[in-house]
Amino acid sequence: MSYELFVGLRYLKAKRKSTFISIITIISTAGVALGVMALIIVLAVMTGFEEDLTEKILGTNAHIVVLKSNGEMADYNDLMVKLKGLGGVIAATPFIYNQVMLSTGKNVSGVVLRGIETKTDTQVTNLFKSMIAGKLSDLDKAKPSPVAGSEPPLPGVVIGKELAGHLNLLVGDTVNVISPLGNITPMGMIPKMKRYRVAGIFNTGMFEYDSTLAYVSLGEAQSFLGMGDTVTGIQLKVADVYKTGGIVRKINSNIGFPYYARDWMQMNKNILFALKTEKMVMFIILTLIVLVAAFGIASTLFMVVMEKTKDIAILKSMGATGRSIMRIFVLEGLIIGFTGTLFGVMGGLLVALNLEPIVGFIQRVTGFELFSKDVYYLDHFPSMVVPGDVLLISVTAVIISFLATLYPSWQASRMAPAEALRYE
């Protein structure tokens with residue numbers, strides 16, 4: 001051990017007359033620890049939100065959507081063959097997208113009706129994994145009406161958990177699907193209505209999807225909406241979800257007008273940009289806590305320098321250089337910063353990795369709901385610790401602590417022995 005480190009460690013130990021300095025040292029260490037802990041927890045929550053939201057988006061939607069600018073696609077089968085031949089594309093499925101209303105008695109809700117080909121849709125989206133009642137394949141099976149002999153077999157519809165709760169529907173119940181684009185008569189436009197049987201209920205965990213989406217088979221959607229053998233577009237699944245931009249550019253250049261492609265990042269850029277911006281802003285704001293703690297480290301070193309004036313003079317008289325004196329106090333400040341960072345990382349990881357049970361315990365004790373799925377996109381409190389974020393936070397905290405030691409250490413190194421011992 002170098003004598004600079006030895007002296008720096010000795011100065012951290014409290015003497016009877018320097019108890020106040022020792023308290024300030026503890027406060028400075030705690031300040032660094034709290035700042036690091038807060039940064040780790042908040043960034044873990046923000047990353048968890050981002051990853052969970054991305055998973056929900058990609059679970060319900062395709063990675064890339066190909067549309068036709070001037071209407072429905074009639075040659076979608078040939079186009080699907082071309083798209084599957086592109087590098088990076090794993091699977092493709094056609095879909096229909098339209099807005100309708102669902103009604104049961106006095107309850108009415110506007111929803112987005114999606115027509116899907118169940119066999120190929122399971123290769124592109126994870127909707128089938130979100131089913132909590134019924135099966136997605138039941139969309140292809142028409143079953144008799146619950147009221148015997150009253151109607152022909154009813155086609156199936158799959159709806160979200162929140163929508164089912166709003167309309168008071170269970171699997172097997174009937175619901176009216178109303179399209180505002182109905183039939184033109186001498187009396188004007190008459191909305192088209194058809195009864196469907198609830199074939200299944202899904203729960204993606206994302207309130208927006210679970211309350212506004214309804215699925216029917218592709219053929220049923222074509223028949224109900226009067227689209228013939230056309231579709232709205234084609235959904236694609238790719239090998240790497242973070243490299244969809246290159247495939248989109250390839251589709252737009254190789255296939256071209258009137259077809260165009262959009263990836264999941266473009267379709268959800270507002271949400272993703274908001275999350276990334278908020279994560280960056282929270283990192284900057286919470287770093288200020290570490291900066292405040294760094295001022296505490298600087299204050300501690302100033303007081304130690306003032307108290308150890310005689311010691312500094314004696315060390316210089318014995319041959320210690322200004323650089324060695326500076327190194328003593330830099331090491332002392334770094335020890336405070338490193339200790340605070342270590343405790344902060346340990347505390348932050350402990351909370352971030354056990355956030356769900358901690359939040360659940362607080363909610364049970366206080367009776368206050370900290371996280372409402374009616375307000376947020378997700379239905380739970382996600383947390384994801386990224387080693388790179390923890391490393392960045394730790395390095396940032398140590399660097400800030402190091403910078404805080406420079407000026408008081410430099411002041412100590414400039415002290416002249418004769419001036420320091422004049423009044424001793």
# chains A, B, ... in the order shown; residues from 1 in each chain; ligands from 1
call {"tool": "residues_around", "arguments": {"residues": "Thr122 in chain A", "least_positions_apart": "5", "cutoff": "10 Å", "atoms": "only C-alpha atoms", "output": "PyMOL selection string"}}
result
chain A and resi 91+93+116-117+127-129+136-137
call {"tool": "write_last_selection", "arguments": {"atoms": "N, CA, C and O atoms", "output": "short mmCIF file (atom, residue, chain, number, x, y, z; two decimals), in the first residue's frame"}}
result
data_model
loop_
_atom_site.label_atom_id
_atom_site.label_comp_id
_atom_site.auth_asym_id
_atom_site.auth_seq_id
_atom_site.Cartn_x
_atom_site.Cartn_y
_atom_site.Cartn_z
N ALA A 91 -42.13 -14.99 -42.49
CA ALA A 91 -43.50 -15.42 -42.79
C ALA A 91 -44.33 -14.21 -43.21
O ALA A 91 -43.96 -13.06 -42.95
N THR A 93 -48.71 -12.98 -43.94
CA THR A 93 -50.13 -13.31 -43.84
C THR A 93 -50.96 -12.11 -44.27
O THR A 93 -50.60 -10.96 -43.97
N ILE A 116 -58.40 -12.06 -40.31
CA ILE A 116 -57.11 -12.74 -40.35
C ILE A 116 -57.27 -14.15 -40.89
O ILE A 116 -58.33 -14.77 -40.77
N GLU A 117 -56.20 -14.64 -41.47
CA GLU A 117 -56.12 -16.03 -41.91
C GLU A 117 -55.45 -16.79 -40.77
O GLU A 117 -54.24 -16.67 -40.56
N LEU A 127 -50.84 -13.59 -31.29
CA LEU A 127 -52.20 -13.45 -30.76
C LEU A 127 -52.70 -14.75 -30.14
O LEU A 127 -53.36 -14.75 -29.10
N PHE A 128 -52.35 -15.87 -30.75
CA PHE A 128 -52.83 -17.18 -30.25
C PHE A 128 -52.29 -17.46 -28.84
O PHE A 128 -52.90 -18.20 -28.07
N LYS A 129 -51.14 -16.87 -28.49
CA LYS A 129 -50.58 -17.07 -27.15
C LYS A 129 -51.32 -16.23 -26.10
O LYS A 129 -51.19 -16.49 -24.91
N LEU A 136 -58.08 -19.54 -31.16
CA LEU A 136 -58.08 -18.69 -32.35
C LEU A 136 -58.60 -19.46 -33.56
O LEU A 136 -59.24 -18.89 -34.45
N SER A 137 -58.34 -20.74 -33.61
CA SER A 137 -58.78 -21.56 -34.75
C SER A 137 -60.29 -21.70 -34.81
O SER A 137 -60.84 -22.07 -35.86
#
call {"tool": "select_by_dssp", "arguments": {"residues": "range 160-377 of chain A", "states": "helix (DSSP H, G or I)", "output": "MDAnalysis selection string"}}
result
chainID A and resid 161:167 207:210 218:225 241:254 264:267 269:307 309:317 322:352 355:366
call {"tool": "write_last_selection", "arguments": {"atoms": "C-alpha atoms", "output": "short mmCIF file (atom, residue, chain, number, x, y, z; two decimals), in the first residue's frame"}}
result
data_model
loop_
_atom_site.label_atom_id
_atom_site.label_comp_id
_atom_site.auth_asym_id
_atom_site.auth_seq_id
_atom_site.Cartn_x
_atom_site.Cartn_y
_atom_site.Cartn_z
CA LYS A 161 -60.70 -9.05 -22.27
CA GLU A 162 -61.52 -5.39 -21.57
CA LEU A 163 -64.00 -5.25 -24.44
CA ALA A 164 -65.68 -8.44 -23.22
CA GLY A 165 -66.00 -6.95 -19.75
CA HIS A 166 -67.47 -3.72 -21.12
CA LEU A 167 -70.07 -5.58 -23.19
CA PHE A 207 -55.38 -1.95 -22.35
CA GLU A 208 -55.59 -0.15 -25.69
CA TYR A 209 -55.58 -3.41 -27.65
CA ASP A 210 -57.76 -5.41 -25.25
CA LEU A 218 -60.44 -13.49 -43.40
CA GLY A 219 -63.25 -14.93 -45.50
CA GLU A 220 -65.90 -13.73 -43.06
CA ALA A 221 -64.47 -10.21 -43.07
CA GLN A 222 -64.43 -10.17 -46.88
CA SER A 223 -68.08 -11.30 -46.96
CA PHE A 224 -69.33 -8.92 -44.27
CA LEU A 225 -67.51 -5.86 -45.61
CA VAL A 241 -37.06 -6.86 -35.31
CA TYR A 242 -34.42 -4.12 -34.99
CA LYS A 243 -33.36 -4.38 -38.64
CA THR A 244 -36.76 -3.82 -40.23
CA GLY A 245 -35.68 -0.47 -41.70
CA GLY A 246 -33.48 -2.10 -44.36
CA ILE A 247 -36.22 -4.55 -45.37
CA VAL A 248 -38.75 -1.72 -45.62
CA ARG A 249 -36.42 0.20 -47.94
CA LYS A 250 -35.87 -2.94 -50.01
CA ILE A 251 -39.64 -3.51 -50.36
CA ASN A 252 -40.28 0.11 -51.33
CA SER A 253 -37.50 0.07 -53.93
CA ASN A 254 -38.01 -3.44 -55.39
CA TRP A 264 -43.48 -1.42 -36.31
CA MET A 265 -41.13 1.40 -35.26
CA GLN A 266 -42.71 3.82 -37.74
CA MET A 267 -46.23 2.85 -36.71
CA LYS A 269 -42.77 6.00 -33.17
CA ASN A 270 -44.61 8.44 -30.89
CA ILE A 271 -44.77 5.96 -28.00
CA LEU A 272 -41.21 4.67 -28.49
CA PHE A 273 -39.76 8.18 -28.88
CA ALA A 274 -41.56 9.36 -25.75
CA LEU A 275 -40.17 6.44 -23.73
CA LYS A 276 -36.60 6.94 -24.95
CA THR A 277 -36.77 10.70 -24.35
CA GLU A 278 -38.21 10.23 -20.87
CA LYS A 279 -35.50 7.70 -20.03
CA MET A 280 -32.76 10.11 -21.11
CA VAL A 281 -34.31 13.04 -19.23
CA MET A 282 -34.71 10.97 -16.06
CA PHE A 283 -31.05 9.95 -16.28
CA ILE A 284 -29.99 13.59 -16.54
CA ILE A 285 -32.28 14.74 -13.71
CA LEU A 286 -31.30 11.96 -11.32
CA THR A 287 -27.61 12.51 -12.07
CA LEU A 288 -28.08 15.84 -10.30
CA ILE A 289 -28.52 13.89 -7.06
CA VAL A 290 -25.02 12.50 -7.54
CA LEU A 291 -23.77 16.02 -8.31
CA VAL A 292 -25.25 17.29 -5.05
CA ALA A 293 -23.48 14.46 -3.23
CA ALA A 294 -20.26 15.44 -5.05
CA PHE A 295 -20.51 18.92 -3.51
CA GLY A 296 -20.70 17.14 -0.17
CA ILE A 297 -17.47 15.30 -0.98
CA ALA A 298 -15.80 18.60 -1.93
CA SER A 299 -17.00 20.23 1.30
CA THR A 300 -15.67 17.30 3.33
CA LEU A 301 -12.26 17.55 1.69
CA PHE A 302 -12.10 21.33 2.25
CA MET A 303 -12.74 20.81 5.96
CA VAL A 304 -10.23 17.96 6.15
CA VAL A 305 -7.61 20.14 4.44
CA MET A 306 -8.25 22.94 6.94
CA GLU A 307 -8.01 20.52 9.86
CA THR A 309 -2.93 21.90 7.75
CA LYS A 310 -0.24 20.96 10.27
CA ASP A 311 -0.05 17.39 8.93
CA ILE A 312 0.32 18.64 5.36
CA ALA A 313 3.14 20.98 6.40
CA ILE A 314 4.96 18.18 8.22
CA LEU A 315 4.61 15.84 5.25
CA LYS A 316 6.01 18.50 2.93
CA SER A 317 8.89 19.16 5.34
CA GLY A 322 2.67 18.63 -4.01
CA ARG A 323 1.58 15.82 -6.30
CA SER A 324 1.68 13.33 -3.41
CA ILE A 325 -0.37 15.64 -1.18
CA MET A 326 -2.90 16.06 -3.95
CA ARG A 327 -3.03 12.30 -4.46
CA ILE A 328 -3.82 11.78 -0.74
CA PHE A 329 -6.98 13.86 -0.88
CA VAL A 330 -8.01 12.63 -4.33
CA LEU A 331 -7.82 9.06 -3.01
CA GLU A 332 -9.81 10.05 0.08
CA GLY A 333 -12.59 11.54 -2.06
CA LEU A 334 -12.54 8.58 -4.44
CA ILE A 335 -12.92 6.19 -1.52
CA ILE A 336 -16.03 8.10 -0.43
CA GLY A 337 -17.42 8.12 -3.99
CA PHE A 338 -16.57 4.47 -4.65
CA THR A 339 -18.07 3.33 -1.34
CA GLY A 340 -21.25 5.29 -2.00
CA THR A 341 -21.43 3.90 -5.55
CA LEU A 342 -20.95 0.33 -4.29
CA PHE A 343 -23.73 0.62 -1.71
CA GLY A 344 -25.95 2.38 -4.27
CA VAL A 345 -25.48 -0.39 -6.84
CA MET A 346 -26.24 -3.07 -4.24
CA GLY A 347 -29.37 -1.26 -3.02
CA GLY A 348 -30.53 -0.39 -6.53
CA LEU A 349 -30.18 -3.96 -7.79
CA LEU A 350 -31.91 -5.31 -4.68
CA VAL A 351 -34.96 -3.09 -5.28
CA ALA A 352 -35.00 -3.27 -9.10
CA LEU A 355 -39.81 -4.43 -7.68
CA GLU A 356 -43.03 -6.36 -8.29
CA PRO A 357 -43.28 -7.89 -4.77
CA ILE A 358 -42.18 -4.57 -3.21
CA VAL A 359 -44.88 -2.62 -5.06
CA GLY A 360 -47.45 -5.32 -4.21
CA PHE A 361 -46.51 -5.14 -0.53
CA ILE A 362 -46.80 -1.32 -0.49
CA GLN A 363 -50.21 -1.51 -2.17
CA ARG A 364 -51.46 -4.07 0.34
CA VAL A 365 -50.22 -2.09 3.34
CA THR A 366 -51.38 1.35 2.17
#
call {"tool": "residues_around", "arguments": {"residues": "Lys141 in chain A", "least_positions_apart": "3", "cutoff": "8 Å", "atoms": "only C-alpha atoms", "output": "PDB file with N, CA, C and O atoms, in the first residue's frame"}}
result
ATOM      1  N   SER A 137     -58.335 -20.745 -33.606  1.00  0.00           N
ATOM      2  CA  SER A 137     -58.778 -21.564 -34.745  1.00  0.00           C
ATOM      3  C   SER A 137     -60.293 -21.698 -34.811  1.00  0.00           C
ATOM      4  O   SER A 137     -60.841 -22.067 -35.857  1.00  0.00           O
ATOM      5  N   ASP A 138     -60.997 -21.371 -33.692  1.00  0.00           N
ATOM      6  CA  ASP A 138     -62.466 -21.457 -33.695  1.00  0.00           C
ATOM      7  C   ASP A 138     -63.110 -20.409 -34.589  1.00  0.00           C
ATOM      8  O   ASP A 138     -64.316 -20.471 -34.848  1.00  0.00           O
ATOM      9  N   PRO A 155     -71.007 -17.210 -37.411  1.00  0.00           N
ATOM     10  CA  PRO A 155     -69.541 -17.170 -37.486  1.00  0.00           C
ATOM     11  C   PRO A 155     -68.963 -16.666 -36.162  1.00  0.00           C
ATOM     12  O   PRO A 155     -69.649 -16.041 -35.363  1.00  0.00           O
ATOM     13  N   GLY A 156     -67.700 -16.956 -35.949  1.00  0.00           N
ATOM     14  CA  GLY A 156     -67.076 -16.590 -34.687  1.00  0.00           C
ATOM     15  C   GLY A 156     -66.362 -15.248 -34.734  1.00  0.00           C
ATOM     16  O   GLY A 156     -65.943 -14.778 -35.788  1.00  0.00           O
TER      17      GLY A 156
END
call {"tool": "closest_residue", "arguments": {"among": "A:Ser401, A:Ser69, A:Asn61, A:Thr47", "to": "Phe257 in chain A", "atoms": "only C-alpha atoms"}}
result
A:Ser69
call {"tool": "residues_around", "arguments": {"residues": "range 381-397 of chain A", "least_positions_apart": "2", "cutoff": "6 Å", "atoms": "only C-alpha atoms", "output": "MDAnalysis selection string"}}
result
chainID A and resid 44:45 47:49 399:400
call {"tool": "write_last_selection", "arguments": {"atoms": "all heavy atoms", "output": "PDB file, in the first residue's frame"}}
result
ATOM      1  N   ALA A  44     -34.147   1.026 -14.655  1.00  0.00           N
ATOM      2  CA  ALA A  44     -34.655  -0.342 -14.781  1.00  0.00           C
ATOM      3  C   ALA A  44     -36.150  -0.340 -15.082  1.00  0.00           C
ATOM      4  O   ALA A  44     -36.635  -1.124 -15.914  1.00  0.00           O
ATOM      5  CB  ALA A  44     -34.371  -1.126 -13.491  1.00  0.00           C
ATOM      6  N   VAL A  45     -36.893   0.547 -14.405  1.00  0.00           N
ATOM      7  CA  VAL A  45     -38.335   0.638 -14.654  1.00  0.00           C
ATOM      8  C   VAL A  45     -38.602   1.162 -16.065  1.00  0.00           C
ATOM      9  O   VAL A  45     -39.452   0.625 -16.787  1.00  0.00           O
ATOM     10  CB  VAL A  45     -39.007   1.552 -13.603  1.00  0.00           C
ATOM     11  CG1 VAL A  45     -40.464   1.815 -13.967  1.00  0.00           C
ATOM     12  CG2 VAL A  45     -38.933   0.912 -12.222  1.00  0.00           C
ATOM     13  N   THR A  47     -36.642   0.980 -18.695  1.00  0.00           N
ATOM     14  CA  THR A  47     -36.275  -0.062 -19.652  1.00  0.00           C
ATOM     15  C   THR A  47     -37.315  -1.175 -19.657  1.00  0.00           C
ATOM     16  O   THR A  47     -37.659  -1.720 -20.711  1.00  0.00           O
ATOM     17  CB  THR A  47     -34.890  -0.642 -19.312  1.00  0.00           C
ATOM     18  OG1 THR A  47     -33.928   0.419 -19.276  1.00  0.00           O
ATOM     19  CG2 THR A  47     -34.462  -1.663 -20.348  1.00  0.00           C
ATOM     20  N   GLY A  48     -37.821  -1.522 -18.472  1.00  0.00           N
ATOM     21  CA  GLY A  48     -38.865  -2.533 -18.388  1.00  0.00           C
ATOM     22  C   GLY A  48     -40.117  -2.118 -19.122  1.00  0.00           C
ATOM     23  O   GLY A  48     -40.734  -2.926 -19.839  1.00  0.00           O
ATOM     24  N   PHE A  49     -40.513  -0.853 -18.952  1.00  0.00           N
ATOM     25  CA  PHE A  49     -41.669  -0.339 -19.683  1.00  0.00           C
ATOM     26  C   PHE A  49     -41.441  -0.443 -21.188  1.00  0.00           C
ATOM     27  O   PHE A  49     -42.317  -0.894 -21.940  1.00  0.00           O
ATOM     28  CB  PHE A  49     -41.923   1.125 -19.318  1.00  0.00           C
ATOM     29  CG  PHE A  49     -42.887   1.306 -18.185  1.00  0.00           C
ATOM     30  CD1 PHE A  49     -42.459   1.776 -16.955  1.00  0.00           C
ATOM     31  CD2 PHE A  49     -44.234   1.019 -18.342  1.00  0.00           C
ATOM     32  CE1 PHE A  49     -43.348   1.944 -15.908  1.00  0.00           C
ATOM     33  CE2 PHE A  49     -45.126   1.179 -17.311  1.00  0.00           C
ATOM     34  CZ  PHE A  49     -44.677   1.646 -16.088  1.00  0.00           C
ATOM     35  N   ILE A 399     -16.705   9.075 -11.675  1.00  0.00           N
ATOM     36  CA  ILE A 399     -16.069  10.215 -12.363  1.00  0.00           C
ATOM     37  C   ILE A 399     -16.483  11.537 -11.712  1.00  0.00           C
ATOM     38  O   ILE A 399     -15.643  12.426 -11.497  1.00  0.00           O
ATOM     39  CB  ILE A 399     -16.442  10.205 -13.860  1.00  0.00           C
ATOM     40  CG1 ILE A 399     -15.751   9.035 -14.562  1.00  0.00           C
ATOM     41  CG2 ILE A 399     -16.045  11.523 -14.523  1.00  0.00           C
ATOM     42  CD1 ILE A 399     -16.150   8.879 -16.017  1.00  0.00           C
ATOM     43  N   ILE A 400     -17.778  11.669 -11.400  1.00  0.00           N
ATOM     44  CA  ILE A 400     -18.238  12.898 -10.730  1.00  0.00           C
ATOM     45  C   ILE A 400     -17.559  13.050  -9.370  1.00  0.00           C
ATOM     46  O   ILE A 400     -17.132  14.153  -8.990  1.00  0.00           O
ATOM     47  CB  ILE A 400     -19.769  12.870 -10.575  1.00  0.00           C
ATOM     48  CG1 ILE A 400     -20.448  12.995 -11.941  1.00  0.00           C
ATOM     49  CG2 ILE A 400     -20.244  14.004  -9.662  1.00  0.00           C
ATOM     50  CD1 ILE A 400     -21.948  12.840 -11.901  1.00  0.00           C
TER      51      ILE A 400
END
call {"tool": "closest_residue", "arguments": {"among": "A:Pro180, A:Gly59, A:Pro258, A:Gly200", "to": "Val216 in chain A", "atoms": "only C-alpha atoms"}}
result
A:Gly200
